[in-house]
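Undergrad: My questions will all concern the structure given below.
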Amino acid sequence: MQRVGVIGGGLMGAGIAEVSARAGHDVIVAEAGSASARAALGRLEKSLARAEAKGKLASAAVVLDRIRVTTDLDAVADRDVVIEAIVEDETAKAELFKRLDTVVTSPDAILASNTSSIPIMKLGVVTSRPQQVIGIHFFNPVPVLQLVELVPSLLTSPDTTERARAWVEGPVGDGGLGKRTIDCQDRAGFVVNALLIPFILSAIRMYESGFASAEDIDRGLVLGAAHPQGPLSLGDLIGLDTTKAIAESLYEEFKEPLYAPPPLLQRMVDAGLLGRKTRRGFYTYE
């Protein structure tokens with residue numbers, strides 16, 4: 001598991017690529033076009049420079065030398081593990097897994113998804129090797145947060161699950177990423193988002209109704225429940241488009257009203273007010 005491929009160089013993809021390269025792996029990031037590839041490289045350079053400046057990394061240049069950003073999907077053909085980190089859309093992910101099935105030539109390669117909510121079975125069955133398809137769900141920001149959810153489908157082999165666990169939990173410098181895993185059933189939302197997203201949606205509904213301001217809702221949870229940040233601020237960090245996509249996936253699977261995206265969330269996404277990544281969501285960011 002020394003050759004890592006990451007499909008998508010957004011916040012999550014760049015984070016996965018960074019932690020893999022910092023662990024000593026050879027990493028290829030595949031992006032859809034040249035503009036997004038440049039953005040991904042810039043994201044990696046900025047994050048690694050920040051880590052070096054804070055003394056958390058000896059040399060950003062050394063780590064960056066282990067990463068290649070490309071627009072050629074065929075470049076991941078020889079990878080030991082390929083992690084999909086594209087938009088949270090089931091159709092787009094399924095189409096990508098069909099392509100990866102033909103592109104990745106290693107017979108033992110793990111094909112993984114970083115999806116937040118889409119059942120892994122739906123991605124595995126479009127390939128000829130569903131036994132090697134698994135969810136490896138990192139959390140944002142990837143270099144900081146230790147948790148990774150492992151999500152095998154009904155067809156994922158035990159060997160694939162344990163190889164994925166060994167890679168994620170293994171010590172840095174000894175072939176692993178040095179993170180911690182929890183095991184999740186292949187149900188929309190897995191463990192964390194099945195609990196977290198309804199909480200964020202409830203906060204949005206409270207704000208939408210005029211019950212309290214965004215600041216007071218968040219301050220209440222920080223000061224009264226010892227949360228590190230409030231639910232609306234967290235929604236901005238996750239991305240309101242991603243929050244909406246996860247909510248829709250949860251609602252499609254369970255048909256529970258608490259999973260339905262509130263109208264305000266729908267309108268904010270329509271308006272492009274997606275949180276920190278667009279500098280405006282429930283808060284405005286400089």
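Residues in the structure tokens are numbered from 1 in each chain, the chains being A, B, ... in the order shown, and ligands are numbered from 1 in the order shown.
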Could you pull out the residues in segment 2-162 of chain A that DSSP calls helix (DSSP H, G or I) from the backbone, as a tab-separated table (two decimals) with C-alpha atoms, in the first residue's frame?
TA:
```tsv
chain	number	residue	atom	x	y	z
A	11	LEU	CA	-10.59	20.02	0.36
A	12	MET	CA	-11.00	16.32	1.14
A	13	GLY	CA	-8.95	14.94	-1.75
A	14	ALA	CA	-6.07	17.32	-1.11
A	15	GLY	CA	-6.16	16.43	2.58
A	16	ILE	CA	-6.03	12.70	1.86
A	17	ALA	CA	-3.17	13.25	-0.58
A	18	GLU	CA	-1.31	15.32	2.00
A	19	VAL	CA	-1.53	12.82	4.86
A	20	SER	CA	-0.56	9.99	2.48
A	21	ALA	CA	2.51	11.88	1.25
A	22	ARG	CA	3.46	12.93	4.78
A	34	SER	CA	-6.16	21.87	-15.77
A	35	ALA	CA	-7.78	24.68	-13.75
A	36	SER	CA	-8.90	22.32	-10.99
A	37	ALA	CA	-5.49	20.60	-11.07
A	38	ARG	CA	-3.76	23.95	-10.50
A	39	ALA	CA	-6.17	24.71	-7.67
A	40	ALA	CA	-5.46	21.32	-6.08
A	41	LEU	CA	-1.71	21.89	-6.26
A	42	GLY	CA	-2.10	25.35	-4.76
A	43	ARG	CA	-4.21	23.91	-1.96
A	44	LEU	CA	-1.51	21.35	-1.18
A	45	GLU	CA	1.30	23.90	-1.30
A	46	LYS	CA	-0.54	26.25	1.05
A	47	SER	CA	-1.40	23.55	3.57
A	48	LEU	CA	2.10	22.07	3.62
A	49	ALA	CA	3.72	25.52	3.95
A	50	ARG	CA	1.42	26.25	6.90
A	51	ALA	CA	2.38	22.95	8.56
A	52	GLU	CA	6.08	23.69	8.06
A	53	ALA	CA	5.70	27.22	9.48
A	60	ALA	CA	7.09	20.95	2.83
A	61	ALA	CA	9.19	20.55	-0.34
A	62	VAL	CA	10.12	16.96	0.50
A	63	VAL	CA	6.47	16.00	1.01
A	64	LEU	CA	5.35	17.86	-2.11
A	73	LEU	CA	-6.97	9.27	-14.97
A	74	ASP	CA	-4.85	6.52	-16.53
A	75	ALA	CA	-1.98	7.68	-14.30
A	76	VAL	CA	-3.51	5.78	-11.35
A	90	GLU	CA	-24.20	9.04	-6.66
A	91	THR	CA	-24.36	9.09	-10.46
A	92	ALA	CA	-20.99	10.80	-10.81
A	93	LYS	CA	-19.35	8.44	-8.34
A	94	ALA	CA	-20.80	5.33	-10.00
A	95	GLU	CA	-19.55	6.46	-13.40
A	96	LEU	CA	-16.09	7.05	-11.95
A	97	PHE	CA	-15.98	3.59	-10.37
A	98	LYS	CA	-16.88	2.05	-13.74
A	99	ARG	CA	-13.88	3.83	-15.25
A	100	LEU	CA	-11.55	2.94	-12.38
A	101	ASP	CA	-12.48	-0.72	-12.81
A	102	THR	CA	-10.96	-0.63	-16.30
A	103	VAL	CA	-8.10	1.79	-15.54
A	120	ILE	CA	-20.85	1.57	-0.83
A	121	MET	CA	-22.83	-1.29	-2.39
A	122	LYS	CA	-24.10	1.10	-5.06
A	123	LEU	CA	-20.50	1.81	-6.08
A	124	GLY	CA	-19.16	-1.72	-5.75
A	130	PRO	CA	-16.98	-5.44	-5.61
A	131	GLN	CA	-15.03	-7.52	-3.08
A	132	GLN	CA	-12.26	-4.89	-3.33
A	158	PRO	CA	-12.76	-9.38	4.98
A	159	ASP	CA	-9.26	-9.24	3.48
A	160	THR	CA	-10.01	-5.86	1.86
A	161	THR	CA	-11.37	-4.48	5.14
A	162	GLU	CA	-8.34	-5.61	7.14
```
Undergrad: Could you name the residues that touch Gly170 of chain A at 12 Å or less, counting only C-alpha atoms, but leaving out those on the same chain fewer than 4 positions away, as a ChimeraX atom specification?
TA: /A:1,20,23,162-166,174-181
Undergrad: I'd like the contact shell of Val148 of chain A - 10 Å cut-off, only C-alpha atoms, skipping same-chain residues fewer than 5 positions apart - returned as a compact mmCIF listing (two decimals) with all heavy atoms, in the first residue's frame.
TA:
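Listed below is the output, result22.txt:
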```txt
# COMPACT_ATOMS: atom_id res chain seq x y z
N ASN A 114 -14.46 8.04 -0.48
CA ASN A 114 -14.51 8.91 0.69
C ASN A 114 -15.90 9.49 0.88
O ASN A 114 -16.07 10.48 1.59
CB ASN A 114 -13.48 10.04 0.54
CG ASN A 114 -13.38 10.89 1.79
OD1 ASN A 114 -13.04 10.41 2.86
ND2 ASN A 114 -13.69 12.17 1.66
N GLY A 135 -15.65 1.71 1.64
CA GLY A 135 -15.66 3.11 2.04
C GLY A 135 -14.54 3.37 3.02
O GLY A 135 -14.40 2.66 4.03
N ILE A 136 -13.70 4.37 2.73
CA ILE A 136 -12.67 4.84 3.65
C ILE A 136 -12.94 6.33 3.82
O ILE A 136 -12.51 7.14 3.00
CB ILE A 136 -11.24 4.58 3.13
CG1 ILE A 136 -11.03 3.09 2.85
CG2 ILE A 136 -10.20 5.08 4.11
CD1 ILE A 136 -9.62 2.75 2.33
N HIS A 137 -13.71 6.66 4.84
CA HIS A 137 -14.24 8.01 5.00
C HIS A 137 -13.42 8.83 6.00
O HIS A 137 -13.47 8.61 7.20
CB HIS A 137 -15.71 7.95 5.45
CG HIS A 137 -16.33 9.30 5.62
ND1 HIS A 137 -17.21 9.59 6.63
CD2 HIS A 137 -16.18 10.44 4.90
CE1 HIS A 137 -17.58 10.85 6.53
NE2 HIS A 137 -16.96 11.39 5.50
N PHE A 138 -12.65 9.78 5.47
CA PHE A 138 -11.86 10.70 6.28
C PHE A 138 -12.74 11.89 6.68
O PHE A 138 -13.82 12.10 6.14
CB PHE A 138 -10.65 11.21 5.50
CG PHE A 138 -9.63 10.15 5.17
CD1 PHE A 138 -9.82 9.30 4.09
CD2 PHE A 138 -8.47 10.03 5.92
CE1 PHE A 138 -8.86 8.33 3.78
CE2 PHE A 138 -7.52 9.07 5.62
CZ PHE A 138 -7.72 8.22 4.54
N PHE A 139 -12.23 12.68 7.64
CA PHE A 139 -12.96 13.85 8.11
C PHE A 139 -12.13 15.11 7.94
O PHE A 139 -10.91 15.09 8.03
CB PHE A 139 -13.37 13.65 9.58
CG PHE A 139 -14.46 12.64 9.74
CD1 PHE A 139 -14.18 11.28 9.72
CD2 PHE A 139 -15.78 13.02 9.86
CE1 PHE A 139 -15.19 10.33 9.83
CE2 PHE A 139 -16.81 12.10 9.97
CZ PHE A 139 -16.50 10.75 9.95
N VAL A 142 -8.48 16.82 7.08
CA VAL A 142 -7.89 15.48 7.12
C VAL A 142 -6.56 15.45 7.88
O VAL A 142 -6.31 14.51 8.65
CB VAL A 142 -7.73 14.92 5.70
CG1 VAL A 142 -7.10 13.52 5.75
CG2 VAL A 142 -9.06 14.87 4.99
N ARG A 165 -7.75 -1.32 7.01
CA ARG A 165 -7.52 -0.95 8.41
C ARG A 165 -6.02 -0.85 8.71
O ARG A 165 -5.56 0.08 9.38
CB ARG A 165 -8.17 -1.98 9.32
CG ARG A 165 -8.19 -1.55 10.80
CD ARG A 165 -8.62 -2.69 11.72
NE ARG A 165 -9.77 -3.41 11.24
CZ ARG A 165 -11.02 -2.98 11.36
NH1 ARG A 165 -11.27 -1.83 11.95
NH2 ARG A 165 -12.03 -3.70 10.88
N VAL A 168 -4.66 2.41 7.21
CA VAL A 168 -5.10 3.62 7.91
C VAL A 168 -4.50 3.71 9.30
O VAL A 168 -4.03 4.78 9.72
CB VAL A 168 -6.64 3.66 7.98
CG1 VAL A 168 -7.10 4.82 8.87
CG2 VAL A 168 -7.24 3.81 6.59
N GLU A 169 -4.47 2.59 10.04
CA GLU A 169 -4.05 2.62 11.44
C GLU A 169 -2.55 2.36 11.64
O GLU A 169 -2.02 2.63 12.72
CB GLU A 169 -4.82 1.58 12.24
CG GLU A 169 -6.30 1.91 12.42
CD GLU A 169 -6.95 1.09 13.51
OE1 GLU A 169 -6.44 -0.01 13.83
OE2 GLU A 169 -7.98 1.53 14.04
N LYS A 179 -3.78 6.87 11.79
CA LYS A 179 -5.09 7.35 12.23
C LYS A 179 -5.85 6.24 12.96
O LYS A 179 -5.34 5.14 13.15
CB LYS A 179 -5.87 7.88 11.03
CG LYS A 179 -5.26 9.17 10.45
CD LYS A 179 -6.15 9.82 9.43
CE LYS A 179 -5.57 11.13 8.92
NZ LYS A 179 -5.58 12.19 9.97
N ARG A 180 -7.07 6.53 13.38
CA ARG A 180 -7.91 5.58 14.10
C ARG A 180 -9.16 5.29 13.29
O ARG A 180 -9.69 6.18 12.62
CB ARG A 180 -8.31 6.14 15.47
CG ARG A 180 -7.14 6.50 16.38
CD ARG A 180 -6.42 5.27 16.91
NE ARG A 180 -7.30 4.44 17.71
CZ ARG A 180 -7.53 4.64 19.00
NH1 ARG A 180 -6.97 5.65 19.63
NH2 ARG A 180 -8.34 3.82 19.67
N THR A 181 -9.65 4.06 13.36
CA THR A 181 -10.83 3.68 12.59
C THR A 181 -11.98 3.27 13.49
O THR A 181 -11.79 2.83 14.62
CB THR A 181 -10.52 2.51 11.64
OG1 THR A 181 -10.21 1.33 12.40
CG2 THR A 181 -9.38 2.84 10.70
N ILE A 182 -13.19 3.42 12.96
CA ILE A 182 -14.37 2.76 13.51
C ILE A 182 -15.05 2.01 12.37
O ILE A 182 -14.93 2.40 11.21
CB ILE A 182 -15.35 3.75 14.18
CG1 ILE A 182 -15.88 4.78 13.17
CG2 ILE A 182 -14.72 4.42 15.38
CD1 ILE A 182 -16.97 5.69 13.74
N ASP A 183 -15.74 0.92 12.71
CA ASP A 183 -16.42 0.11 11.70
C ASP A 183 -17.88 0.53 11.59
O ASP A 183 -18.55 0.72 12.61
CB ASP A 183 -16.35 -1.38 12.07
CG ASP A 183 -14.93 -1.91 12.04
OD1 ASP A 183 -14.12 -1.37 11.27
OD2 ASP A 183 -14.63 -2.86 12.78
```
Undergrad: Among segment 145-189 of chain A, which ones does DSSP place in strand (DSSP E or B), written as a ChimeraX atom specification?
TA: /A:147-152,180-183
Undergrad: Please list as a list in words every residue within 12 Å of Thr278 of chain A, counting only C-alpha atoms and excluding residues in the same chain fewer than 3 positions away.
TA: Asp236, Leu237, Ile238, Gly239, Leu240, Asp241, Met268, Val269, Ala271, Gly272, Leu273, Leu274, Gly275, Gly281, Phe282, Tyr283, Thr284, Tyr285 and Glu286 of chain A
Undergrad: Produce a file of the selected residues containing all heavy atoms, as a compact mmCIF listing (two decimals), in the first residue's frame.
TA:
```
# COMPACT_ATOMS: atom_id res chain seq x y z
N ASP A 236 -21.00 25.41 7.92
CA ASP A 236 -20.18 26.24 7.02
C ASP A 236 -18.84 25.58 6.73
O ASP A 236 -18.32 25.67 5.61
CB ASP A 236 -19.95 27.61 7.65
CG ASP A 236 -21.09 28.58 7.43
OD1 ASP A 236 -22.06 28.23 6.72
OD2 ASP A 236 -21.02 29.71 7.96
N LEU A 237 -18.25 24.93 7.73
CA LEU A 237 -16.96 24.26 7.54
C LEU A 237 -17.10 23.05 6.64
O LEU A 237 -16.29 22.84 5.72
CB LEU A 237 -16.38 23.85 8.89
CG LEU A 237 -15.07 23.05 8.85
CD1 LEU A 237 -13.96 23.90 8.26
CD2 LEU A 237 -14.69 22.58 10.25
N ILE A 238 -18.12 22.25 6.86
CA ILE A 238 -18.36 21.06 6.02
C ILE A 238 -18.63 21.47 4.58
O ILE A 238 -18.18 20.84 3.62
CB ILE A 238 -19.54 20.25 6.57
CG1 ILE A 238 -19.20 19.65 7.93
CG2 ILE A 238 -19.97 19.15 5.60
CD1 ILE A 238 -20.40 19.07 8.66
N GLY A 239 -19.37 22.57 4.42
CA GLY A 239 -19.88 23.00 3.11
C GLY A 239 -21.36 22.74 3.08
O GLY A 239 -21.80 21.60 3.28
N LEU A 240 -22.15 23.79 2.84
CA LEU A 240 -23.61 23.62 2.89
C LEU A 240 -24.13 22.78 1.74
O LEU A 240 -25.16 22.13 1.86
CB LEU A 240 -24.29 24.99 2.94
CG LEU A 240 -23.92 25.83 4.17
CD1 LEU A 240 -24.68 27.14 4.18
CD2 LEU A 240 -24.17 25.06 5.46
N ASP A 241 -23.41 22.76 0.61
CA ASP A 241 -23.79 21.87 -0.49
C ASP A 241 -23.58 20.42 -0.10
O ASP A 241 -24.43 19.56 -0.38
CB ASP A 241 -23.02 22.21 -1.77
CG ASP A 241 -21.51 22.24 -1.56
OD1 ASP A 241 -21.04 22.38 -0.41
OD2 ASP A 241 -20.78 22.15 -2.57
N MET A 268 -29.93 28.60 0.17
CA MET A 268 -28.54 29.03 0.31
C MET A 268 -27.65 28.31 -0.69
O MET A 268 -26.76 28.92 -1.30
CB MET A 268 -28.06 28.80 1.74
CG MET A 268 -28.74 29.72 2.76
SD MET A 268 -28.21 29.42 4.46
CE MET A 268 -26.56 30.13 4.44
N VAL A 269 -27.89 27.03 -0.88
CA VAL A 269 -27.11 26.28 -1.87
C VAL A 269 -27.42 26.80 -3.28
O VAL A 269 -26.51 26.97 -4.10
CB VAL A 269 -27.40 24.77 -1.75
CG1 VAL A 269 -26.74 24.00 -2.90
CG2 VAL A 269 -26.89 24.24 -0.41
N ALA A 271 -28.14 29.73 -4.07
CA ALA A 271 -27.51 31.04 -4.20
C ALA A 271 -25.98 30.97 -4.21
O ALA A 271 -25.31 31.99 -4.38
CB ALA A 271 -27.97 31.95 -3.06
N GLY A 272 -25.43 29.78 -4.00
CA GLY A 272 -23.98 29.64 -3.96
C GLY A 272 -23.37 30.07 -2.65
O GLY A 272 -22.16 30.30 -2.57
N LEU A 273 -24.18 30.16 -1.60
CA LEU A 273 -23.68 30.52 -0.27
C LEU A 273 -23.38 29.22 0.47
O LEU A 273 -24.22 28.69 1.19
CB LEU A 273 -24.72 31.36 0.48
CG LEU A 273 -25.24 32.59 -0.25
CD1 LEU A 273 -26.30 33.30 0.57
CD2 LEU A 273 -24.10 33.53 -0.60
N LEU A 274 -22.17 28.71 0.27
CA LEU A 274 -21.85 27.34 0.67
C LEU A 274 -21.01 27.26 1.94
O LEU A 274 -20.63 26.18 2.34
CB LEU A 274 -21.13 26.63 -0.47
CG LEU A 274 -21.82 26.68 -1.84
CD1 LEU A 274 -21.01 25.91 -2.87
CD2 LEU A 274 -23.25 26.14 -1.75
N GLY A 275 -20.72 28.40 2.56
CA GLY A 275 -19.91 28.37 3.77
C GLY A 275 -18.52 28.88 3.54
O GLY A 275 -18.29 29.78 2.73
N GLY A 281 -21.73 31.88 4.29
CA GLY A 281 -22.74 30.88 4.57
C GLY A 281 -23.64 31.45 5.65
O GLY A 281 -24.26 32.49 5.45
N PHE A 282 -23.68 30.81 6.81
CA PHE A 282 -24.37 31.42 7.94
C PHE A 282 -23.56 32.56 8.52
O PHE A 282 -24.06 33.41 9.23
CB PHE A 282 -24.67 30.36 9.00
CG PHE A 282 -25.74 29.39 8.56
CD1 PHE A 282 -25.40 28.11 8.13
CD2 PHE A 282 -27.07 29.77 8.53
CE1 PHE A 282 -26.37 27.23 7.69
CE2 PHE A 282 -28.06 28.89 8.10
CZ PHE A 282 -27.71 27.62 7.68
N TYR A 283 -22.27 32.57 8.19
CA TYR A 283 -21.37 33.66 8.59
C TYR A 283 -20.61 34.14 7.34
O TYR A 283 -20.56 33.44 6.32
CB TYR A 283 -20.35 33.17 9.63
CG TYR A 283 -20.99 32.70 10.92
CD1 TYR A 283 -21.33 31.36 11.09
CD2 TYR A 283 -21.26 33.59 11.95
CE1 TYR A 283 -21.93 30.92 12.27
CE2 TYR A 283 -21.85 33.16 13.14
CZ TYR A 283 -22.19 31.82 13.29
OH TYR A 283 -22.79 31.40 14.44
N THR A 284 -20.03 35.32 7.44
CA THR A 284 -19.20 35.86 6.36
C THR A 284 -17.73 35.72 6.78
O THR A 284 -17.37 36.03 7.92
CB THR A 284 -19.54 37.33 6.10
OG1 THR A 284 -20.91 37.42 5.71
CG2 THR A 284 -18.66 37.89 4.98
N TYR A 285 -16.89 35.26 5.87
CA TYR A 285 -15.49 34.98 6.16
C TYR A 285 -14.59 35.85 5.30
O TYR A 285 -14.79 35.96 4.09
CB TYR A 285 -15.19 33.49 5.91
CG TYR A 285 -16.07 32.57 6.71
CD1 TYR A 285 -17.30 32.12 6.20
CD2 TYR A 285 -15.72 32.17 7.99
CE1 TYR A 285 -18.13 31.30 6.95
CE2 TYR A 285 -16.54 31.33 8.75
CZ TYR A 285 -17.74 30.91 8.22
OH TYR A 285 -18.55 30.10 8.95
N GLU A 286 -13.61 36.46 5.94
CA GLU A 286 -12.65 37.28 5.20
C GLU A 286 -11.58 36.38 4.60
O GLU A 286 -11.24 35.36 5.17
CB GLU A 286 -12.01 38.31 6.14
CG GLU A 286 -12.99 39.31 6.71
CD GLU A 286 -13.68 40.14 5.64
OE1 GLU A 286 -13.07 40.36 4.57
OE2 GLU A 286 -14.82 40.56 5.86
```
Undergrad: Atom CA of Glu149 of chain A and atom CA of Ala194 of chain A are how many Å apart?
TA: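 If I compute the distance from atom CA of Glu149 of chain A to atom CA of Ala194 of chain A, I get 12.3 Å.
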Undergrad: Measuring atom to atom with only C-alpha atoms, identify which of A:Val27, A:Leu232, A:Leu258, A:Leu145 is nearest to Glu208 of chain A.
TA: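 Residue with the minimum atom-to-atom distance to Glu208 of chain A: A:Leu232.
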Undergrad: Within 8 Å of Cys184 of chain A, counting only C-alpha atoms, which residues show up once you throw out same-chain ones fewer than 5 positions away? Write them as an MDAnalysis selection string, please.
TA: chainID A and resid 149:152 190:191
Undergrad: Listing only residues of segment 93-208 of chain A within 7 Å of segment 249-257 of chain A, what is the closest atom pair and its distance in Å (to one decimal) for each, using only C-alpha atoms, sorted by chain and residue number ascending, as a Markdown table?
TA:
```
| residue | atom | partner | partner_atom | distance |
| --- | --- | --- | --- | --- |
| A:Ser117 | CA | A:Ser249 | CA | 6.3 |
| A:Ile118 | CA | A:Ser249 | CA | 6.5 |
| A:Ala188 | CA | A:Leu250 | CA | 5.5 |
| A:Gly189 | CA | A:Leu250 | CA | 6.3 |
```
Undergrad: Just how far from atom CA of Asp65 of chain A is atom CA of Val133 of chain A, in Å to one decimal?
TA: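 Computed distance, atom CA of Val133 of chain A to atom CA of Asp65 of chain A, equals 28.6 Å.
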Undergrad: When you count only C-alpha atoms, which of these residues is closest to Leu147 of chain A: A:Glu31, A:Ser209, A:Val192, A:Asp270?
TA: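 For Leu147 of chain A, the nearest of the candidates is A:Val192.
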Undergrad: Out of A:Pro141, A:Gly8, A:Pro261, A:Pro171, which residue has the shortest atom-to-atom distance to Ile83 of chain A when counting only C-alpha atoms?
TA: A:Gly8
Undergrad: Determine the nearest neighbour of Thr242 of chain A from the options A:Val29, A:Val125, A:Ile86, A:Ala112, counting only C-alpha atoms.
TA: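 With only C-alpha atoms as the atom set, the closest residue is A:Ile86.
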Undergrad: To one decimal place, how far is atom CA of Glu215 of chain A from atom CA of Gly235 of chain A in Å?
TA: 13.2 Å
